[in-house]
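A.B. asks: I'd like to ask you about the structure that follows.
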Amino acid sequence: MPGKLKVKIVAGRHLPVMDRASDLTDAFVEVKFGNTTFKTDVYPKSLNPQWNSEWFKFEVDDEDLQDEPLQITVLDHDTYSANDAIGKVYIDIDPLLYSEAATVISGWFPIYDTIHGIRGEINVVVKVDLFNDLNRFRQSSCGVKFFCTTSIPKCYRAVIIHGFVEELVVNEDPEYQWIDRIRTPRASNEARQRLISLMSGELQRKIGLKVLEMRGNAVVGYLQCFDLEGESGLVVRAIGTACTLDKLSSPAAFLPACNSPSKEMKEIPFNEDPNPNTHSSGPSTPLKNQTYSFSPSKSYSRQSSSSDTDLSLTPKTGMGSGSAGKEGGPFKALLRQQTQSALEQREFPFFTLTAFPPGFLVHVGGVVSARSVKLLDRIHNPAFVGIMSNTRSYKLLDWNSFNSDEPETRDAWWAEIRQEIKSHAKALGCHAVVGYSESTSICEEVCILSASGTAAVLNPRFLQDGTVEGCLEQRLEENLPAGCGFCHIPYDELNMPFPAHLTYCYNCRKQKVPDVLFTTIDLPTDATVIGKGCLIQARLCRLKKKAQAEANATAISNLLPFMEYEVHTQLMNKLKLKGMNALFGLRIQITVGENMLMGLASATGVYLAALPTPGGIQIAGKTPNDGSYEQHISHMQKKINDTIAKNKELYEINPPEISEEIIGSPIPEPRQRSRLLRSQSESSDEVTELDLSHGKKDAFVLEIDDTDAMEDVHSLLTDVPPPSGFYSCNTEIMPGINNWTSEIQMFTSVRVIRLSSLNLTNQALNKNFNDLCENLLKSLYFKLRSMIPCCLCHVNFTVSLPEDELIQVTVTAVAITFDKNQALQTTKAHVEKSLQRASTDNEELLQFPLELCSDSLPSHPFPPAKEHLESASSNSGIPAAQRATSVDYSSFADRCSSWIELIKLKAQTIRRGSIKTTVTVEKTSPMGEGNFRNRSAAPCANSTVGVVKMTPLSFIPGAKITKYLGIINMFFIRETTSLREEGGVSGFLHAFIAEVFAMVRAHVAALGGNAVVSYIMKQCVFMENPNKNQAQCLINVSGDAVVFARESELEVVSTQQPAANCQPACTGGEVTT
Amino acid sequence: MTSELDIFVGNTTLIDEDVYRLWLDGYSVGDAVALRVRSGILEQTGATAAVLQSDTMDHYRTFHMLERLLHAPPKLLHQLIYQIPPSRQALLIERYYAFDEAFVREVLGKKLSKGTKKDLDDISTKTGITLKSCRRQFDNFKRVFKVVEEMRGSLVDNIQQHFLLSDRLARDYAAIVFFANNRFETGKKKLQYLSFGDFAFCAELMIQNWTLGAVDSQVDDMDMDLDKEFLQDLKELKVLVADKDLLDLHKSLVCTALRGKLGVFSEMEANFKNLSRGLVNVATKLTHNKDVRDLFVDLVEKFVEPCRSDHWPLSDVRLFLNQYSASVHSLDGFRNLPKAVRPHLAAPPPLPQRVSPCGHQRGCHKT
C-alpha cells in the first residue's frame, strides 16, 4: 500500500442554475479514484456552495496513482428524479508523485461538461503521501520526471543522455463499441476521455519503467500522440529521450558567473535532489533489457560497413581547430569508437531533443525520414515507402497477416520504420538521429506512418557516465572551431552516399561542408548566422482517386515519392529565393484524405556563415525561337533576381566577400561552371527516376515548358514577405534576433475551407491550399500588429482533411516582441554575440585551472593531428562532388558565388573587455501595471485571477524558470447538438479552444505554477454535421507546468545574496556589468 | 473556396478598441468592415479586405461571448475562460456601460419597462443611434436599476461595487436610477435645453439632501426614494408667501443684502413676490406624486422663465438664491423650526442652483 491520496472539496462558484423553479442549484460532489467513490453533502440552494468537506482518503498502489486520474463530478441533487450531472474535473495527480515537483494541487478548476462546456468552478485540494517502496519488481515508475521540452530543462544539468524510449498502448475506442448505440453522447464522450486519460497514465508509467531500467531519472522531449483509428481502435503512443538529470543547485553558482549573476540564482540553496532513483555512481553502460535480435544479415553488414566508414573518416573529422594540435586523430577515433559502441548497444540511437548541451552535437548529416502506408483493417500487402534525403528505398514489403488489434502489430510497424531511419542515418555516416519525431495520418482504413529526424554524430560525453572522459572531451571540444563544427560533413567524401557539393567550410577553412543543410533540429546556439531567418513553407496537394483498401494504399504509396520530391523542390526554390542556405526545424507533414493527399513542409531558413552562398535561380524556356516568349522568360528571370536581392536586404544577408586569393581555396571556381550546366531539369510530369538531386546544375534551373512550371514559378513569387516589423520562424528562437522583451502572446488559429467540387484539379487545389495558408498568415500578422516589432516563433501548422472537400489548417505559435532599437544593428550585434560566446567560453576555461591541469595530460600524446588532417583532406580532394551516384535526393546541387570572411576571430580581442549581458531588463509587468491602474478606476477590481502564461517555447523571455512542476497532458471532447445557437462552427470551436486554454491554465495555477512551456496542441479533430445541427471536437494538448520569476525580480534578490555567496568565486566579476 | 470556419484564440484575449467601439455602436460586421476600410487601416497595414473581414468577425464573436459576462462585471473578473489583463477588463466594462447623451436624454425619468423598450425604434430613428446600441444602453439602465433597487447603502457605492464602474460613470448611473425611480419628467419641450449633466447634477444634490439616506443611512432604497416626511414638512414653507408681513420682511432682508450687488436689482425687487411665490408653491406641492414628477417643469415655468425674461445674469441668480435661503433663517418664525425646513433651505430647489441652465438660457436669449 504505497500511497495515500487525500482530497478535499472546498467550494464551488458560478454554478449553473439547475432548478428552473428556484433559479438555484442543490449541488454535491462525487470524488472517485479507481473503484472508490466518496460523496460530499448536498449544499442546498446555492450557486456558490461551500462544502468544506473532510479529507477523503484513498489508499492505493502507486501503479494506480500513475495510471488513474482523479475524477471529480459535480451533481445537482434531485429528490424525485435522477441527479443531474453538472460537469466533471479530471485531475492528473502525476505531478505529485515526484519529490521535486508540486507538493499539493490546490485551486479553482473549471467544471467541464462535454455537452455544455465549462459550467462554473470548483475549489479542490489534493495531496499524496507516498511511502518508500523498495520492491525491485514493482510495476510503477514513480519518481521519473517527464518533460515535453525538447532540450535539457533549464534548471537541470544532463549527467547522461541515455537515449530513445518508446511505448504504445492499444484499446478499443468506446465510440465504436456496441454500447455506444444505447448510451448518451455525454456518457460516450466521458468514457472516451477517461479511457484516454487512463491509457496515457499507463503509457507514462511503462515508459518510466524503461527509463528506470536504463538507470535514468527523467524523460525529456516526451511526445505522446493519439491515433484515432476508428473501428480498429485507439492507439496511444509516446516517444522520448531518457536522461539522468541533475538539479542545478546553488553550488553551481561557483560556475562562471560571467553572464549575469541572476542566472545562477535560479535555485534556492536548500533545494537538494532527494531522488532515490538516481544512481549516478552506478555502472556506466545503460542497458536495455529488452533486446531485439537484430535480424537480417544485411543490416549487420551495413553496420560493419558504416563503422568502417567511421574509421576512414577519422582523420577528417578529427577536425583540426585553430589551436595547437593537442588532440590527435587516433585519440579521436578512440572516442568515436566509444561513442559508436555506446550507441550500438541501443536498439535505436534516436533522440527526440532538438536543442543540446554545448558540445553534444558534433556533426549533422541531414534529414532522414521514412514513411509507410498501412491498412488498419486486415493487413495483407501494404506498400512500404521509405524516403529520406540521401538514399531512397521504395519497396513493397510482404506483411504476413497481423492482427491489427494487438499492440505488437503497431510496435512492429514502428520498429520497421525506425529501422529504416537508422539505416538511412548510417548511410550518412552518422550513428545517431536527433530531433526525431513520429506522426501518423489516418483516413478511413489507410494510415500513413511517418518518422523523421536528423542524422548526426554525437559527442560520447553525455552518452556515458564518465567524468574523466567528460573532461577530456570538454577539452577537445573547446578547441573546435566555434559555430561551424556541426556543419562539417560526417560522411566520407570519397564514398559519398549522394552527390553533394562540398566546399571547404567558410568559417574554419579546414573541413568540408555541404552546400545546403536541412535539419529537423533547432539552430545550435553556437552557430554563426548571417542576417535573420524566416519561415519557409512548401505546400502541395495531389488528387487521388477514391479507392478501397489495398488499391487505395497502393495509390497512396505511388503518390508519396512524387509528393516528397515536389515538396523538396519547393523548399529548395524558396530557400534560394530567400538567399539562404540552411533549413532548421524541418517538419514535413503528409496528410491523407478521401480523394487527395496534402503535403505541408515548414522550416526556418537561415544563412549559415559556414556554408557557401547559394546560387540564384535560373529560368530556361524550351522553345527558344519564339521572341516574345524569350522576352517573357527574361522578364520572369529579372523578377526572380529582384526578389532574391530584395530578400537579402530584408533579412539582412550580406556576407562579406573575400577574394579568392586570400583564401586559396582548392575548390574550382564556381562561377565558371554556371553557364555550362542546365541539363536535366525536371518538371514534375517527366520524372521517371527519382533523382532529387537536380543533377549537378550550378544555379537552380527552372524550365518553363508547360503551364505547370509556370504555376510553380508564379507560386514562388506570390509568397509575400511578412509586413515590416514582423518576422516568423518555426524554431524556438529567431536566428538573428536576441533582444526579446517580455511580452508574449500564444495563440491557436483554425481555418477550414470548403473546396467547390467543380474545380478539383491539382493546380486549383494547390492554389486554394496556398491561399489558405498565406491568408492565414496574413491574418495573424494583422491581428498581432499591435505587438510590432515582434516575431512569430515556433509556428506550427497542422493540416487535416476532415471530409471530402474540407481542408482544415490549425496553427499554434507565439508572438514575442523584441526591442527594435537593438534589433537594427543585428548583424553587428550577432557577430559580437558570438564573440562574447567565444570569450565567455574562454573565461569559463580559465575558471577550472585545476581540473584542466590534472585531466589534460592524457590528451597531449597525440599532437600531430593537424598534419594528418590536412594531408587527408587534400588527398581526398573535391572531385567527390562530381561522382554522381544518382540515387537520391537532398544534394540540391547549387554553387556558391562568394566567400565569407571570418570577422569573428579578429574582432575578438577588441571586444573582450566590454562584454555586456544582453539580458533585457524587464519592465514592470504589464499586468501589474494594469492592475494598479484598474484599482484606481474601480476599487473592487483587484481580486483577479492569477495570470498563467502559455508558450510553445521552452523558455519565457525576460524570465527564469525556477521550477518544473510536472507534465500537463490533457484530452478533451466537446460535442453540441445546438450548433447554430452556439454561433455556428466558428463560435463552437472558438469557445471550446478558449475553454481548453482555461483548463490548462487552471491546472497549472493549481499546481502552483504561473506558466506552461513547450505547450503543444497535438490534436484538434473537428467534425461537423450542419444538417443535424451537430458538431464534435477532440483536442489534445500538453506542456510543462513551470514556475518562473522575472529577471528583474531575481536581480533584486541576487544583488543582495550573491554579494556574500558568490563574491569569492566570481573571478570574472567585472565582465558581468 | 469558401471559409467554413475561421477562428483565432489567444492565451491573452485580444481586444481591439476600435472594433469594440463599432460593436458597441451596434454596427453589423459588414458595416463595421466598411467603416474600418474607410478609416484607412488597409493602407496602413497592407492588409486585404478579406483579412479585415475575418478579423472583424473574430472580434465580434469574442465580444459576443464576453457580453454574457459583462452583464455581471464581477464575473468577468473571476472567470477563468478569458485571460484579460485587468486594465483591459476595466476598459471593456467601462465602455460597455457608457451611454450616448442623446439616448439618455430620451429615456431619462421614464419607467424602465417593456413599454419603453418598444419605443426604442423611435428613439433610434430620432437620435441616429442604432437600435442595437439603444437596446444595449436601455438594458444596461434596467439591469443596474434591478440590481441596486432594493439595496442598502449609498446608491453610488452599490453601483460601483456591483458593476465595477468608474466613479464618474457610477454617479451618472445613480442619477439615471434616481430619475427612473422617481419618474421625473424631463422630456417636455421646455426642458429640452437641459443636458443630462444638468439633471445628473440635480440628482446628486437631491440624493444628498432630499432622500431617506440624507437622514438615515440604514434603510433600504435609501438613496432612491424621496423622504416623505421631508416633503410633508415643506408645506410649512407656505407661510413665507401666505403671511404678508413675513413676505415683506423676507423681501426687505434680501433686498438690503443685495443692494448694489445685483445687476438686475430693480427687476428682482419688482418681481420678488412672484418669484418667492413660485418657489414656495413648487415646494409645498411635492407631497403629490404628480407634482414630484413635474418638479423640473414647474421650476422652469415658475422661476427660470421669469428670470430669463428679465435677462438675469447667472451670477445674479446664484446670489439671489443664496441670499433668499439665507435670509429665511433670520426670520422670526423660522428660528425655531430647525428640523423641517433647514434641509430644504440649506439646499434650495436644485435647478436654479445649477450653473449651466441659466447660462444656457441667457445665451439662447441673446442670440
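The way I read the labels, and the way they are meant: chains A, B, ... in the order of the C-alpha cells, residue 1 as the first residue of every chain, and ligand 1 as the first ligand shown, with later ones counted on from there.
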Report as JSON, numbers by chain all protein, DNA and RNA residues lying within 10 Å of Arg171 of chain B, evaluated on only C-alpha atoms, omitting residues in the same chain fewer than 3 positions from it.
C.D. replies: {"B": [155, 156, 157, 159, 160, 165, 166, 167, 168, 174, 175, 176, 177, 200, 201, 203, 204]}
A.B. asks: For the residues selected in the previous step, produce a file with C-alpha atoms as a short mmCIF file (atom, residue, chain, number, x, y, z; two decimals), in the first residue's frame.
C.D. replies:
data_model
loop_
_atom_site.label_atom_id
_atom_site.label_comp_id
_atom_site.auth_asym_id
_atom_site.auth_seq_id
_atom_site.Cartn_x
_atom_site.Cartn_y
_atom_site.Cartn_z
CA LEU B 155 -26.51 54.25 -4.37
CA VAL B 156 -23.22 55.21 -5.97
CA ASP B 157 -21.28 52.74 -3.87
CA ILE B 159 -23.45 50.58 -8.35
CA GLN B 160 -19.70 50.75 -8.18
CA LEU B 165 -17.70 51.28 -12.92
CA SER B 166 -15.51 54.32 -12.59
CA ASP B 167 -16.62 56.93 -10.09
CA ARG B 168 -17.96 59.29 -12.72
CA ALA B 174 -27.05 56.79 -9.85
CA ALA B 175 -28.72 59.78 -11.46
CA ILE B 176 -30.37 57.59 -14.09
CA VAL B 177 -31.64 55.16 -11.48
CA ALA B 200 -27.27 64.48 -13.06
CA PHE B 201 -26.06 67.44 -11.04
CA ALA B 203 -29.95 64.30 -8.96
CA GLU B 204 -26.79 64.24 -6.92
#
A.B. asks: Counting only C-alpha atoms, collect the residues of chain B whose closest atom lies at most 7 Å from chain A, and write them out as a PyMOL selection string.
C.D. replies: chain B and resi 1-12+47+51+55+61+77-78+80-82+85-87+90+161+164-166
A.B. asks: What is the atom CA of Gly1008 of chain A to atom CA of Asp94 of chain A distance in Å?
C.D. replies: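 Interatomic distance here is 14.4 Å.
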A.B. asks: List the neighbours of Arg95 of chain B out to 10 Å using only C-alpha atoms; skip same-chain residues closer than 5 positions along the sequence, and give me the result as number ranges by chain.
C.D. replies: B: 17, 20-21, 24, 89-90, 165
A.B. asks: If I take atom CA of Asp1040 of chain A and atom CA of Ser954 of chain A, how far is one from the other in Å, to one decimal?
C.D. replies: 8.7 Å
A.B. asks: Skip Leu331 of chain B itself and residues of its chain fewer than 6 positions away, then list as a VMD selection string all residues within 8 Å of it, counting only C-alpha atoms.
C.D. replies: chain B and resid 246 249 to 250
A.B. asks: Taking all heavy atoms for each residue, export the selection above as a PDB file, in the first residue's frame.
C.D. replies:
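Heads up, here's the output in out.pdb:
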ATOM      1  N   LEU B 246     -44.468  88.545   6.855  1.00  0.00           N
ATOM      2  CA  LEU B 246     -43.285  87.710   6.702  1.00  0.00           C
ATOM      3  C   LEU B 246     -42.681  87.877   5.296  1.00  0.00           C
ATOM      4  O   LEU B 246     -41.462  87.972   5.122  1.00  0.00           O
ATOM      5  CB  LEU B 246     -43.669  86.237   6.939  1.00  0.00           C
ATOM      6  CG  LEU B 246     -42.625  85.367   7.624  1.00  0.00           C
ATOM      7  CD1 LEU B 246     -42.113  86.005   8.903  1.00  0.00           C
ATOM      8  CD2 LEU B 246     -43.181  83.987   7.885  1.00  0.00           C
ATOM      9  N   LEU B 249     -40.977  91.202   5.131  1.00  0.00           N
ATOM     10  CA  LEU B 249     -39.741  91.160   5.915  1.00  0.00           C
ATOM     11  C   LEU B 249     -38.653  90.413   5.146  1.00  0.00           C
ATOM     12  O   LEU B 249     -37.505  90.854   5.026  1.00  0.00           O
ATOM     13  CB  LEU B 249     -40.024  90.451   7.251  1.00  0.00           C
ATOM     14  CG  LEU B 249     -38.883  90.493   8.272  1.00  0.00           C
ATOM     15  CD1 LEU B 249     -38.513  91.938   8.625  1.00  0.00           C
ATOM     16  CD2 LEU B 249     -39.267  89.719   9.518  1.00  0.00           C
ATOM     17  N   HIS B 250     -39.065  89.250   4.614  1.00  0.00           N
ATOM     18  CA  HIS B 250     -38.143  88.433   3.832  1.00  0.00           C
ATOM     19  C   HIS B 250     -37.577  89.231   2.658  1.00  0.00           C
ATOM     20  O   HIS B 250     -36.372  89.260   2.406  1.00  0.00           O
ATOM     21  CB  HIS B 250     -38.894  87.180   3.330  1.00  0.00           C
ATOM     22  CG  HIS B 250     -37.983  86.157   2.720  1.00  0.00           C
ATOM     23  ND1 HIS B 250     -38.452  85.142   1.956  1.00  0.00           N
ATOM     24  CD2 HIS B 250     -36.641  85.989   2.756  1.00  0.00           C
ATOM     25  CE1 HIS B 250     -37.444  84.402   1.531  1.00  0.00           C
ATOM     26  NE2 HIS B 250     -36.321  84.909   2.035  1.00  0.00           N
TER      27      HIS B 250
END
A.B. asks: Which of these, A:Thr525, A:Asn573, A:Thr613, A:Asn1036, has the shortest distance to Ile640 of chain A once you count only C-alpha atoms?
C.D. replies: A:Asn573
A.B. asks: So how far away is atom CA of His363 of chain A from atom CA of Lys510 of chain A, in Å?
C.D. replies: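 Interatomic distance here is 14.1 Å.
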A.B. asks: I want to know what sits within 8 Å of segment 83-91 of chain A, based on only C-alpha atoms, with residues of the same chain fewer than 5 positions away left out; could you give that as a PDB file with C-alpha atoms, in the first residue's frame?
C.D. replies:
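Final output, around_13.pdb:
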ATOM      1  CA  PRO A  16     -25.280  26.898 -13.498  1.00  0.00           C
ATOM      2  CA  PRO A  69      -6.882  10.219 -12.970  1.00  0.00           C
ATOM      3  CA  LEU A  70      -8.761  11.656 -10.024  1.00  0.00           C
ATOM      4  CA  GLN A  71     -12.299  12.146 -11.142  1.00  0.00           C
ATOM      5  CA  ILE A  72     -14.482  14.803  -9.544  1.00  0.00           C
ATOM      6  CA  THR A  73     -18.119  15.015 -10.566  1.00  0.00           C
ATOM      7  CA  VAL A  74     -20.408  17.851  -9.553  1.00  0.00           C
ATOM      8  CA  LEU A  75     -24.079  16.921  -9.459  1.00  0.00           C
ATOM      9  CA  ASP A  76     -27.383  18.551  -8.736  1.00  0.00           C
ATOM     10  CA  HIS A  77     -29.405  16.689  -6.155  1.00  0.00           C
ATOM     11  CA  ASP A  78     -32.942  15.853  -7.148  1.00  0.00           C
ATOM     12  CA  PHE A 109     -10.831  24.105 -11.562  1.00  0.00           C
ATOM     13  CA  PRO A 110     -13.376  24.757 -14.281  1.00  0.00           C
ATOM     14  CA  ILE A 111     -16.172  22.205 -14.128  1.00  0.00           C
ATOM     15  CA  TYR A 112     -16.340  20.765 -17.581  1.00  0.00           C
ATOM     16  CA  ASP A 113     -19.164  19.062 -19.347  1.00  0.00           C
ATOM     17  CA  THR A 114     -18.683  17.584 -22.794  1.00  0.00           C
ATOM     18  CA  ILE A 118     -17.426  24.955 -18.685  1.00  0.00           C
ATOM     19  CA  ARG A 119     -20.110  25.388 -16.056  1.00  0.00           C
ATOM     20  CA  HIS A1003      -4.369  23.107 -13.673  1.00  0.00           C
TER      21      HIS A1003
END
A.B. asks: Hey, what's within 10 Å of segment 113-119 of chain B if we count only C-alpha atoms and toss same-chain stuff fewer than 6 positions away? As a ChimeraX atom specification, please?
C.D. replies: /B:107,134-135,138-139,142
A.B. asks: Please, could you write that set of residues out with all heavy atoms as a PDB file, in the first residue's frame?
C.D. replies:
ATOM      1  N   VAL B 107     -34.645  58.781 -22.513  1.00  0.00           N
ATOM      2  CA  VAL B 107     -35.289  57.847 -21.574  1.00  0.00           C
ATOM      3  C   VAL B 107     -35.169  58.292 -20.125  1.00  0.00           C
ATOM      4  O   VAL B 107     -35.723  57.639 -19.241  1.00  0.00           O
ATOM      5  CB  VAL B 107     -34.713  56.421 -21.704  1.00  0.00           C
ATOM      6  CG1 VAL B 107     -35.029  55.839 -23.053  1.00  0.00           C
ATOM      7  CG2 VAL B 107     -33.224  56.415 -21.441  1.00  0.00           C
ATOM      8  N   CYS B 134     -29.098  51.150 -28.827  1.00  0.00           N
ATOM      9  CA  CYS B 134     -30.149  51.633 -27.930  1.00  0.00           C
ATOM     10  C   CYS B 134     -30.558  50.528 -26.972  1.00  0.00           C
ATOM     11  O   CYS B 134     -30.714  50.752 -25.771  1.00  0.00           O
ATOM     12  CB  CYS B 134     -31.374  52.068 -28.735  1.00  0.00           C
ATOM     13  SG  CYS B 134     -31.126  53.590 -29.649  1.00  0.00           S
ATOM     14  N   ARG B 135     -30.748  49.353 -27.512  1.00  0.00           N
ATOM     15  CA  ARG B 135     -31.155  48.228 -26.672  1.00  0.00           C
ATOM     16  C   ARG B 135     -30.137  47.964 -25.591  1.00  0.00           C
ATOM     17  O   ARG B 135     -30.469  47.740 -24.441  1.00  0.00           O
ATOM     18  CB  ARG B 135     -31.300  46.962 -27.531  1.00  0.00           C
ATOM     19  CG  ARG B 135     -32.473  47.004 -28.441  1.00  0.00           C
ATOM     20  CD  ARG B 135     -33.243  45.681 -28.376  1.00  0.00           C
ATOM     21  NE  ARG B 135     -34.406  45.777 -29.231  1.00  0.00           N
ATOM     22  CZ  ARG B 135     -34.417  45.357 -30.498  1.00  0.00           C
ATOM     23  NH1 ARG B 135     -33.351  44.764 -30.995  1.00  0.00           N
ATOM     24  NH2 ARG B 135     -35.494  45.493 -31.226  1.00  0.00           N
ATOM     25  N   PHE B 138     -30.309  50.675 -23.003  1.00  0.00           N
ATOM     26  CA  PHE B 138     -31.526  50.551 -22.219  1.00  0.00           C
ATOM     27  C   PHE B 138     -31.425  49.381 -21.255  1.00  0.00           C
ATOM     28  O   PHE B 138     -31.755  49.491 -20.065  1.00  0.00           O
ATOM     29  CB  PHE B 138     -32.722  50.356 -23.152  1.00  0.00           C
ATOM     30  CG  PHE B 138     -34.028  50.275 -22.435  1.00  0.00           C
ATOM     31  CD1 PHE B 138     -34.679  51.415 -22.024  1.00  0.00           C
ATOM     32  CD2 PHE B 138     -34.595  49.042 -22.152  1.00  0.00           C
ATOM     33  CE1 PHE B 138     -35.884  51.347 -21.334  1.00  0.00           C
ATOM     34  CE2 PHE B 138     -35.790  48.957 -21.465  1.00  0.00           C
ATOM     35  CZ  PHE B 138     -36.442  50.119 -21.058  1.00  0.00           C
ATOM     36  N   ASP B 139     -30.928  48.249 -21.767  1.00  0.00           N
ATOM     37  CA  ASP B 139     -30.794  47.066 -20.907  1.00  0.00           C
ATOM     38  C   ASP B 139     -29.806  47.319 -19.773  1.00  0.00           C
ATOM     39  O   ASP B 139     -29.993  46.819 -18.665  1.00  0.00           O
ATOM     40  CB  ASP B 139     -30.359  45.854 -21.733  1.00  0.00           C
ATOM     41  CG  ASP B 139     -31.483  45.372 -22.640  1.00  0.00           C
ATOM     42  OD1 ASP B 139     -32.647  45.738 -22.371  1.00  0.00           O
ATOM     43  OD2 ASP B 139     -31.203  44.651 -23.614  1.00  0.00           O
ATOM     44  N   LYS B 142     -31.606  49.277 -17.157  1.00  0.00           N
ATOM     45  CA  LYS B 142     -32.575  48.430 -16.472  1.00  0.00           C
ATOM     46  C   LYS B 142     -31.865  47.455 -15.538  1.00  0.00           C
ATOM     47  O   LYS B 142     -32.310  47.223 -14.413  1.00  0.00           O
ATOM     48  CB  LYS B 142     -33.367  47.662 -17.525  1.00  0.00           C
ATOM     49  CG  LYS B 142     -34.607  47.024 -16.981  1.00  0.00           C
ATOM     50  CD  LYS B 142     -35.483  46.529 -18.096  1.00  0.00           C
ATOM     51  CE  LYS B 142     -36.519  45.585 -17.563  1.00  0.00           C
ATOM     52  NZ  LYS B 142     -37.334  45.026 -18.640  1.00  0.00           N
TER      53      LYS B 142
END
A.B. asks: Among segment 217-257 of chain B, which residues carry a DSSP assignment of helix (DSSP H, G or I), reported as JSON, numbers by chain?
C.D. replies: {"B": [228, 229, 230, 231, 232, 233, 234, 235, 236, 237, 238, 239, 240, 241, 242, 244, 245, 246, 247, 248, 249, 250, 251, 252, 253, 254, 255, 256, 257]}
A.B. asks: Quick one: residues within 7 Å of segment 428-438 of chain A, only C-alpha atoms counted, chain neighbours fewer than 4 positions away excluded, as a ChimeraX atom specification?
C.D. replies: /A:306,309-310,340,349-354,365,424,450-458,490-491,497,520-521
